[in-house]
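K.L.:
Quick one: the structure is below, questions incoming.
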There are 4 protein chains.
Amino acid sequence: MRFFSDNAAPAHPKVLEAIAAANRIDTAYDGDEWSQRLDGAFSDLFGTQVRAFWVTTGTAANCLALAALCPPYRSILCHKDAHIEVDEAGAPGFFTGGAKLTLLEGEGAKLTPATVAAACDRIRNDVHQVQPAVLSITNATEYGLVYRAAEVAALGALAMERKLALHMDGARLANALATTGENIGDTTWRAGVDALSFGFVKNGGLNAECLVVFRSDLADEIAVRRKRAGHLLSKGRYLAAQLLAMLEDGLWLENACLANAAARTLAQAAPDRLIYPVEANELFVRATAEEAARLRGQGFDFYDWGPGEIRLVTSWDSSREDVQRLGEAIASL
Amino acid sequence: MRFFSDNAAPAHPKVLEAIAAANRIDTAYDGDEWSQRLDGAFSDLFGTQVRAFWVTTGTAANCLALAALCPPYRSILCHKDAHIEVDEAGAPGFFTGGAKLTLLEGEGAKLTPATVAAACDRIRNDVHQVQPAVLSITNATEYGLVYRAAEVAALGALAMERKLALHMDGARLANALATTGENIGDTTWRAGVDALSFGFVKNGGLNAECLVVFRSDLADEIAVRRKRAGHLLSKGRYLAAQLLAMLEDGLWLENACLANAAARTLAQAAPDRLIYPVEANELFVRATAEEAARLRGQGFDFYDWGPGEIRLVTSWDSSREDVQRLGEAIASL
Amino acid sequence: MRFFSDNAAPAHPKVLEAIAAANRIDTAYDGDEWSQRLDGAFSDLFGTQVRAFWVTTGTAANCLALAALCPPYRSILCHKDAHIEVDEAGAPGFFTGGAKLTLLEGEGAKLTPATVAAACDRIRNDVHQVQPAVLSITNATEYGLVYRAAEVAALGALAMERKLALHMDGARLANALATTGENIGDTTWRAGVDALSFGFVKNGGLNAECLVVFRSDLADEIAVRRKRAGHLLSKGRYLAAQLLAMLEDGLWLENACLANAAARTLAQAAPDRLIYPVEANELFVRATAEEAARLRGQGFDFYDWGPGEIRLVTSWDSSREDVQRLGEAIASL
Amino acid sequence: MRFFSDNAAPAHPKVLEAIAAANRIDTAYDGDEWSQRLDGAFSDLFGTQVRAFWVTTGTAANCLALAALCPPYRSILCHKDAHIEVDEAGAPGFFTGGAKLTLLEGEGAKLTPATVAAACDRIRNDVHQVQPAVLSITNATEYGLVYRAAEVAALGALAMERKLALHMDGARLANALATTGENIGDTTWRAGVDALSFGFVKNGGLNAECLVVFRSDLADEIAVRRKRAGHLLSKGRYLAAQLLAMLEDGLWLENACLANAAARTLAQAAPDRLIYPVEANELFVRATAEEAARLRGQGFDFYDWGPGEIRLVTSWDSSREDVQRLGEAIASL
């Protein structure tokens, strides 16, 4: 019974069907009919004209966006626990040509306008210090917290004031929106987001993520950077088809709702052990090494987060029975 | 009737089946059981211990290899028509951190030891000129010519003498071996190849290529570089499964034989029009703009290569009827 | 008797005096009074508002300019014998973050609009091929030929048409102008040059070169890139003072006239041996290995350029006697 | 009366004399007789065979060393207030091709083995997190504290244990040694330092710093990287001559003693206001904005370090009278 990572979950059957349906001859790269439909499909979803680029990893989506938004000699403000800092092997430095990540504090990996403003104020405006160019936030955060649309908008307003571009790592944006119920446009471009890494793989996709670009002036550069980074697949139709399948009938939101519901069920089983409120599909739970061992002994698989802490992640396919069993197991620790 | 590119061909049914069979929960990244079997499967194929890395594009395979083999301040010797020079958007410069491609001449995009030696001799050995570190060849070449094992070995011997690493872009290595009938180990590591981009996507794969590393000292660095370039997919099992399916029962070689046979059939239809001998699955054919238009009018799709030249590419799924029809159409131009 | 390189010449006494005069306490970096006068002094010289950055090498000047003008994913068109290609250890790749040099042919390292246009036309306008962003020319060229203002203007017009920025490597611009007698503004910004590496070290400077930027939108970025490349010296006044001394009373042009006159004298001694017309301070002379040895035996020092070719370079301090002696020695070979 | 920065001080007369003495024709780059004597002179000083590279800035020295020691995909451990992090415009990211600085805490910008070990322990050993490759320390630190030889050796032992290279930013190493009186070899290579940025410009030089490399395997790469970064001056003899002048008769140490003595005099005037012990030539002094203004009103020039803090820097030429006057002014605040 795996609560290890939503990356470990299988692909949704409709995604596999879409791949099979795309299995015929077509133009290479992104000239095929599926890829050509992406901009339209995502523009409809967001309620504005966007450019949508399939890529195969969140790291690629994040770092192509950051490279287009941040010159090599400037910096990206992000939380010290942001995925781009902690879990991408230095990819932002690679894609940007050496730009710096300036690390900020914030409970549960969330940033506030005050924190960001203070960080900007600490930087002398001269050639000796690296000037910030981008603010990057993760929604839902690395600790499963959610930015509401108004919170993003407050950061967006500050970013505009400080002449920073705004990037959102939305590896679990679907989970965030499943919780807030807010409009996806309100939570992104209307709040000032310039580029969004929109995650699908953790949410039922097979290997397609989407980089959504709200500023048309960035799109051509990103197209070139995608190719240059080896991320322009020659048979792109198999990625585009996955994304289109996820958008159809709101499968992406439906899957996220399932994952979140499972997480809520678990949360209710152990309200006192939660390190952060459960707002998406991740739980950070206090558990001694002995308790963790006991859970593992019962067949549950998960990640040790730190001393006395474990991480549980649910996904679109978390079975009701497994979740219930784990909830009981935790409750009876 | 598409003779545009082997990139346009569909994936082989066995590849799709393998993906479906891998569609269950497993460990993320490359910790899954399919990915864990790759080193063994490719070691068996090559008859030596190798490290095999799935990636999604030939550009990624080529450039991860080049980055590991060439420091930023040195250069890669390659043909002036090499894919890494002409069709990868400058990816070698990106992955290596600014290393240079030094371009060599050679009929049909083939290099000879004499050409390479002369290029080395032209470079002053001082800090002002960029010193070469790698020789990169493409087999089959960009013009569909084939290096026999002995030819690779001659280049390998020169590379060793000149202290150059040897990289092979084997996007169509299967097609080359289908023609030569030579041993894959003899054509690669026994001939001095340090790293091989082994292509599968043009040959029936969906979106998995393989970077095969023959020098164990490079493997850890390549693993990190793959992650850092956003090429470590979180559900890697779907790539590994494709590669294993291609290796099983020699599907990779069987597919290449089919593509080559189709190319030979076409070649026999127009022996006088061929710009290069047909040794793999590509034909470069003399045809006036009017002749090209006439072929297109009959429903054939292909690439205009230059003034008075067209390129025809066959693939594993080229239908016997289409091929025959195109052959007749060319013959009767 | 050294005719090896103008780099080997000493600094002009006025340059040393200016350094000594600047040897007092002042603000660090480029906040000192000498550095602060640079923009004004160079703006006066060029007859337009410029930004002037001291640097210590031509490579730094060239590559800071190229980095500001060329994104990492685009290319710089230049002659195949350009200094940036041949003698800067790949520095353009380093400073730009991996941009490519696309090499053009041209007699005596000179480019023509037709050559540049043809090179542009050969590049497919898609994401697979690297699109050019900059045209870089060297004046005087690496073979001592001179672009007249009208020639630069023709290249400038083409560059504008093709949306290319125009960079001039003017390591020996002074020598070019000493020959043409044309206006420095006409030969640079009025002809479309966006950034100029203006050489002083080969022309009597000690270790100060000047990067002159004609587009105000580039200046702030270049200031940051200069610091980031370790080229913002902490006691910049010693560089600025050198440049101001060179500008005073036209010392830069006077020195170049002396060097050119010496070259002309040598040229007249051996008109039949010249590989290129002598338009600046470099001579490329046919001489067998035996002849070269004979000259060396007489105490002359120079560079072997290729089989049967030697390079002679004069400088501001070439003594009349040495020049005469070398001229006679060549004439009597 | 400037106590702003030792960068603002003039060059020592002997340095100017050495430049003038080098003002004759010689081989270009570093082939001249002065440059050729550097390795020997510095090897004598350090008591071991070293390679000594002149450069013009501390940033260049630091970052060339870091680039040779740290692959682009790994990280450099340093103090959060280290010059490479705070005041070099992101140059480490540029020179290394995107390596990361991992920032550590420590009183007065000093690091301890315990801090470094703890930082290493926090990094998961997998491809997702950036693995450290280098430890960089500054001696004297950015707050004027000194590492004694034993302290460096303790860090060196840890570095070896953790397979980290050890770099020392010795912009003010002379000042540190003037205080400790310890042997320069004991404080560097015998303590495990692999490469040292040895500062001269703040200590009476004009524009020559020295990168001293204790590992012969790094030297060739650094020579190439220096050229590639535009830091191989064409008339290098004027830099080499400066360094040789500074070494002669121990001028470098003598100058540092003068600067330190001035700092000690100031320290004694205001013992209660000192934020850090004064161990080199920098004082960090508590002073209200009003007090700072009062000092400025009396003609003293210095840097505001933070709210309620000022920085005073003495140098080799600080006049006894100015120092005394400033001491009295502070005492009577």
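Labels used: A, B, ... for chains in the order of the structure tokens, numbers from 1 for residues in each chain, and numbers from 1 for ligands as shown.
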Give me the residues of chain D that have any atom at most 12 Å from an atom of chain A; for each, the nearest atom pair and the distance in Å, rounded to one decimal. Use only C-alpha atoms, sort by chain and number, and format it as JSON lines.

P.N.:
```
{"residue": "D:Thr59", "atom": "CA", "partner": "A:His128", "partner_atom": "CA", "distance": 10.6}
{"residue": "D:Pro71", "atom": "CA", "partner": "A:Phe94", "partner_atom": "CA", "distance": 11.5}
{"residue": "D:Pro72", "atom": "CA", "partner": "A:Phe94", "partner_atom": "CA", "distance": 7.7}
{"residue": "D:Tyr73", "atom": "CA", "partner": "A:Gly90", "partner_atom": "CA", "distance": 6.4}
{"residue": "D:Arg74", "atom": "CA", "partner": "A:Gly90", "partner_atom": "CA", "distance": 7.8}
{"residue": "D:Ser75", "atom": "CA", "partner": "A:Gly90", "partner_atom": "CA", "distance": 8.8}
{"residue": "D:Lys80", "atom": "CA", "partner": "A:Thr102", "partner_atom": "CA", "distance": 11.2}
{"residue": "D:Asp81", "atom": "CA", "partner": "A:Gln129", "partner_atom": "CA", "distance": 11.8}
{"residue": "D:His83", "atom": "CA", "partner": "A:His128", "partner_atom": "CA", "distance": 9.7}
{"residue": "D:Ile84", "atom": "CA", "partner": "A:His128", "partner_atom": "CA", "distance": 10.1}
{"residue": "D:Glu85", "atom": "CA", "partner": "A:Gln129", "partner_atom": "CA", "distance": 8.5}
{"residue": "D:Val86", "atom": "CA", "partner": "A:Gln129", "partner_atom": "CA", "distance": 6.0}
{"residue": "D:Asp87", "atom": "CA", "partner": "A:His128", "partner_atom": "CA", "distance": 4.7}
{"residue": "D:Glu88", "atom": "CA", "partner": "A:His128", "partner_atom": "CA", "distance": 5.4}
{"residue": "D:Ala89", "atom": "CA", "partner": "A:His128", "partner_atom": "CA", "distance": 4.7}
{"residue": "D:Gly90", "atom": "CA", "partner": "A:Val130", "partner_atom": "CA", "distance": 6.1}
{"residue": "D:Ala91", "atom": "CA", "partner": "A:Tyr73", "partner_atom": "CA", "distance": 8.3}
{"residue": "D:Pro92", "atom": "CA", "partner": "A:Gly98", "partner_atom": "CA", "distance": 8.1}
{"residue": "D:Gly93", "atom": "CA", "partner": "A:Gly98", "partner_atom": "CA", "distance": 4.4}
{"residue": "D:Phe94", "atom": "CA", "partner": "A:Gly98", "partner_atom": "CA", "distance": 5.3}
{"residue": "D:Phe95", "atom": "CA", "partner": "A:Gly98", "partner_atom": "CA", "distance": 8.4}
{"residue": "D:Thr96", "atom": "CA", "partner": "A:Gly98", "partner_atom": "CA", "distance": 8.0}
{"residue": "D:Gly97", "atom": "CA", "partner": "A:Gly98", "partner_atom": "CA", "distance": 5.9}
{"residue": "D:Gly98", "atom": "CA", "partner": "A:Gly98", "partner_atom": "CA", "distance": 3.9}
{"residue": "D:Ala99", "atom": "CA", "partner": "A:Gly93", "partner_atom": "CA", "distance": 6.7}
{"residue": "D:Lys100", "atom": "CA", "partner": "A:Gly90", "partner_atom": "CA", "distance": 6.9}
{"residue": "D:Leu101", "atom": "CA", "partner": "A:Lys100", "partner_atom": "CA", "distance": 8.7}
{"residue": "D:Thr102", "atom": "CA", "partner": "A:Leu101", "partner_atom": "CA", "distance": 10.4}
{"residue": "D:Leu103", "atom": "CA", "partner": "A:Leu103", "partner_atom": "CA", "distance": 10.1}
{"residue": "D:Arg122", "atom": "CA", "partner": "A:Gly306", "partner_atom": "CA", "distance": 10.2}
{"residue": "D:Ile123", "atom": "CA", "partner": "A:Val86", "partner_atom": "CA", "distance": 9.2}
{"residue": "D:Arg124", "atom": "CA", "partner": "A:Val86", "partner_atom": "CA", "distance": 9.8}
{"residue": "D:Asn125", "atom": "CA", "partner": "A:Ala89", "partner_atom": "CA", "distance": 11.1}
{"residue": "D:Asp126", "atom": "CA", "partner": "A:Ala89", "partner_atom": "CA", "distance": 9.0}
{"residue": "D:Val127", "atom": "CA", "partner": "A:Ala89", "partner_atom": "CA", "distance": 6.3}
{"residue": "D:His128", "atom": "CA", "partner": "A:Asp87", "partner_atom": "CA", "distance": 4.7}
{"residue": "D:Gln129", "atom": "CA", "partner": "A:Ala89", "partner_atom": "CA", "distance": 4.9}
{"residue": "D:Val130", "atom": "CA", "partner": "A:Ala89", "partner_atom": "CA", "distance": 5.0}
{"residue": "D:Gln131", "atom": "CA", "partner": "A:Ala89", "partner_atom": "CA", "distance": 8.4}
{"residue": "D:Pro132", "atom": "CA", "partner": "A:Ala89", "partner_atom": "CA", "distance": 11.3}
{"residue": "D:Trp305", "atom": "CA", "partner": "A:Arg124", "partner_atom": "CA", "distance": 11.4}
{"residue": "D:Gly306", "atom": "CA", "partner": "A:Arg122", "partner_atom": "CA", "distance": 10.2}
{"residue": "D:Pro307", "atom": "CA", "partner": "A:Arg122", "partner_atom": "CA", "distance": 11.9}
```

K.L.:
Write out as a ChimeraX atom specification the set of residues from stretch 56-276 of chain B that DSSP, computed on the backbone, places in strand (DSSP E).

P.N.:
/B:75-79,100-104,132-138,165-170,195-198,209-213

K.L.:
Neighbours of B:Leu333 within 12 Å (only C-alpha atoms; same-chain residues fewer than 4 positions away dropped), as a PDB file with C-alpha atoms, in the first residue's frame?

P.N.:
```pdb
ATOM      1  CA  ALA B 269      13.643   2.037 -58.908  1.00  0.00           C
ATOM      2  CA  ALA B 270      15.866   5.031 -59.481  1.00  0.00           C
ATOM      3  CA  ARG B 273      18.987   9.568 -59.453  1.00  0.00           C
ATOM      4  CA  ARG B 286      17.764  14.065 -57.706  1.00  0.00           C
ATOM      5  CA  ALA B 287      14.412  15.484 -58.743  1.00  0.00           C
ATOM      6  CA  THR B 288      13.494  18.802 -60.249  1.00  0.00           C
ATOM      7  CA  ALA B 289      10.940  20.967 -58.534  1.00  0.00           C
ATOM      8  CA  GLU B 290       8.497  19.915 -61.202  1.00  0.00           C
ATOM      9  CA  GLU B 291       9.187  16.241 -60.648  1.00  0.00           C
ATOM     10  CA  ALA B 292       8.835  16.687 -56.910  1.00  0.00           C
ATOM     11  CA  ALA B 293       5.501  18.377 -57.474  1.00  0.00           C
ATOM     12  CA  ARG B 294       4.400  15.526 -59.689  1.00  0.00           C
ATOM     13  CA  LEU B 295       5.210  12.994 -56.971  1.00  0.00           C
ATOM     14  CA  GLN B 298       0.341  11.450 -56.619  1.00  0.00           C
ATOM     15  CA  LEU B 326       6.509   5.303 -55.095  1.00  0.00           C
ATOM     16  CA  GLY B 327       9.193   3.269 -56.840  1.00  0.00           C
ATOM     17  CA  GLU B 328       7.080   3.123 -59.962  1.00  0.00           C
ATOM     18  CA  ALA B 329       6.246   6.797 -59.749  1.00  0.00           C
TER      19      ALA B 329
END
```

K.L.:
Which of stretch 76-144 of chain D counts as helix (DSSP H, G or I) under DSSP, as a compact mmCIF listing (two decimals) with C-alpha atoms, in the first residue's frame please?

P.N.:
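Dumped everything to out19.txt:
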```txt
# COMPACT_ATOMS: atom_id res chain seq x y z
CA HIS D 83 32.54 37.85 -0.90
CA ILE D 84 31.87 35.23 -3.59
CA GLU D 85 28.23 35.16 -2.50
CA VAL D 86 27.62 38.78 -1.66
CA ALA D 91 30.53 35.41 -10.84
CA PRO D 92 30.87 31.91 -9.34
CA GLY D 93 27.73 30.87 -11.20
CA PHE D 94 29.15 32.31 -14.40
CA PHE D 95 32.62 30.80 -14.20
CA THR D 96 31.50 27.38 -13.03
CA GLU D 107 30.15 34.35 13.69
CA GLY D 108 32.15 37.04 11.93
CA ALA D 109 31.98 35.13 8.64
CA PRO D 113 34.40 22.12 10.96
CA ALA D 114 31.21 21.43 12.87
CA THR D 115 29.21 23.84 10.72
CA VAL D 116 30.62 22.42 7.53
CA ALA D 117 30.05 18.84 8.59
CA ALA D 118 26.47 19.59 9.55
CA ALA D 119 25.86 21.21 6.17
CA CYS D 120 27.20 18.16 4.38
CA ASP D 121 25.06 15.88 6.51
CA ARG D 122 21.91 17.76 5.53
```

K.L.:
Just want the 6 Å neighbourhood of C:Asn7, counted on only C-alpha atoms, with same-chain residues fewer than 5 positions away dropped. Output as an mmCIF file with N, CA and C atoms, in the first residue's frame.

P.N.:
```cif
data_model
loop_
_atom_site.group_PDB
_atom_site.id
_atom_site.type_symbol
_atom_site.label_atom_id
_atom_site.label_comp_id
_atom_site.auth_asym_id
_atom_site.auth_seq_id
_atom_site.Cartn_x
_atom_site.Cartn_y
_atom_site.Cartn_z
ATOM 1 N N LYS C 202 47.514 47.351 -28.167
ATOM 2 C CA LYS C 202 48.445 47.135 -29.280
ATOM 3 C C LYS C 202 48.997 48.452 -29.807
ATOM 4 N N ALA D 28 54.611 38.592 -25.759
ATOM 5 C CA ALA D 28 53.258 38.903 -25.327
ATOM 6 C C ALA D 28 52.723 37.871 -24.331
ATOM 7 N N SER D 234 47.512 40.844 -22.729
ATOM 8 C CA SER D 234 48.517 40.659 -23.774
ATOM 9 C C SER D 234 49.872 41.212 -23.348
#
```

K.L.:
Find the spatial neighbours of stretch 191-194 of chain A, counting only C-alpha atoms, within a cut-off of 6 Å - ignore same-chain residues fewer than 2 positions away - and output them as a ChimeraX atom specification.

P.N.:
/A:152-153,156,166-167,186-189,214-215

K.L.:
For those residues, write C-alpha atoms to a file as a short mmCIF file (atom, residue, chain, number, x, y, z; two decimals), in the first residue's frame.

P.N.:
```cif
data_model
loop_
_atom_site.label_atom_id
_atom_site.label_comp_id
_atom_site.auth_asym_id
_atom_site.auth_seq_id
_atom_site.Cartn_x
_atom_site.Cartn_y
_atom_site.Cartn_z
CA VAL A 152 -1.24 34.94 -5.39
CA ALA A 153 -2.62 38.30 -6.47
CA GLY A 156 1.67 39.39 -8.12
CA LEU A 166 6.12 35.75 -11.42
CA HIS A 167 6.48 32.02 -11.98
CA ASP A 186 -7.93 33.95 -11.06
CA THR A 187 -5.24 31.85 -9.42
CA THR A 188 -2.74 32.34 -12.20
CA TRP A 189 -2.65 35.00 -14.93
CA PHE A 214 0.76 33.86 -20.40
CA ARG A 215 3.10 36.38 -21.99
#
```

K.L.:
Excluding A:Gly185 and residues on its chain fewer than 6 positions from it, collect all residues at most 9 Å away from it, counting only C-alpha atoms, and give them as a list in words.

P.N.:
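After dropping sequence-adjacent residues, the list is Leu45, Phe46, Gly47, Thr48, Ala149 and Ala191 of chain A.
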
K.L.:
Write a file of the selected residues as an mmCIF file, in the first residue's frame, keeping all heavy atoms.

P.N.:
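Saved as again-v6.cif:
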```
data_model
loop_
_atom_site.group_PDB
_atom_site.id
_atom_site.type_symbol
_atom_site.label_atom_id
_atom_site.label_comp_id
_atom_site.auth_asym_id
_atom_site.auth_seq_id
_atom_site.Cartn_x
_atom_site.Cartn_y
_atom_site.Cartn_z
ATOM 1 N N LEU A 45 -9.305 26.700 -21.264
ATOM 2 C CA LEU A 45 -9.313 26.426 -19.829
ATOM 3 C C LEU A 45 -9.016 27.680 -19.017
ATOM 4 O O LEU A 45 -9.651 27.943 -17.996
ATOM 5 C CB LEU A 45 -8.270 25.345 -19.509
ATOM 6 C CG LEU A 45 -8.120 24.992 -18.024
ATOM 7 C CD1 LEU A 45 -9.375 24.303 -17.516
ATOM 8 C CD2 LEU A 45 -6.909 24.085 -17.800
ATOM 9 N N PHE A 46 -8.038 28.456 -19.484
ATOM 10 C CA PHE A 46 -7.594 29.603 -18.687
ATOM 11 C C PHE A 46 -8.408 30.874 -18.963
ATOM 12 O O PHE A 46 -8.290 31.845 -18.241
ATOM 13 C CB PHE A 46 -6.104 29.865 -18.923
ATOM 14 C CG PHE A 46 -5.222 28.930 -18.166
ATOM 15 C CD1 PHE A 46 -4.788 27.739 -18.726
ATOM 16 C CD2 PHE A 46 -4.859 29.218 -16.854
ATOM 17 C CE1 PHE A 46 -3.995 26.859 -18.012
ATOM 18 C CE2 PHE A 46 -4.057 28.349 -16.143
ATOM 19 C CZ PHE A 46 -3.627 27.155 -16.719
ATOM 20 N N GLY A 47 -9.190 30.845 -20.042
ATOM 21 C CA GLY A 47 -9.988 32.024 -20.349
ATOM 22 C C GLY A 47 -9.158 33.182 -20.879
ATOM 23 O O GLY A 47 -9.509 34.354 -20.710
ATOM 24 N N THR A 48 -8.046 32.854 -21.478
ATOM 25 C CA THR A 48 -7.215 33.885 -22.113
ATOM 26 C C THR A 48 -6.309 33.171 -23.108
ATOM 27 O O THR A 48 -6.157 31.952 -23.050
ATOM 28 C CB THR A 48 -6.365 34.654 -21.073
ATOM 29 O OG1 THR A 48 -5.729 35.755 -21.733
ATOM 30 C CG2 THR A 48 -5.275 33.771 -20.458
ATOM 31 N N ALA A 149 -6.348 32.475 -4.506
ATOM 32 C CA ALA A 149 -6.175 33.431 -5.602
ATOM 33 C C ALA A 149 -5.759 34.808 -5.072
ATOM 34 O O ALA A 149 -4.887 35.477 -5.646
ATOM 35 C CB ALA A 149 -7.457 33.536 -6.418
ATOM 36 N N ALA A 191 -3.866 36.908 -11.478
ATOM 37 C CA ALA A 191 -3.123 37.264 -10.260
ATOM 38 C C ALA A 191 -1.689 37.681 -10.586
ATOM 39 O O ALA A 191 -0.915 37.972 -9.677
ATOM 40 C CB ALA A 191 -3.121 36.076 -9.297
#
```

K.L.:
Could you work out how far atom CA of B:Ile137 lies from atom CA of B:Arg162, giving the answer in Å with one decimal?

P.N.:
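Interatomic distance here is 15.7 Å.
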
K.L.:
Could you state the separation of atom CA of A:Cys70 and atom CA of A:Leu218 in Å, given to one decimal place?

P.N.:
11.4 Å

K.L.:
Could you pull the residues within 12 Å of A:Arg172, counting only C-alpha atoms, minus those fewer than 6 positions along the same chain, as a PyMOL selection string?

P.N.:
chain A and resi 6-7+58+83+137-147+178-179+196-204+209+252-253+255-257+259-260+279-282+313-316

K.L.:
To one decimal place, how far is atom CA of B:Thr56 from atom CA of B:Asn207 in Å?

P.N.:
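Atom CA of B:Thr56 sits 5.3 Å away from atom CA of B:Asn207.
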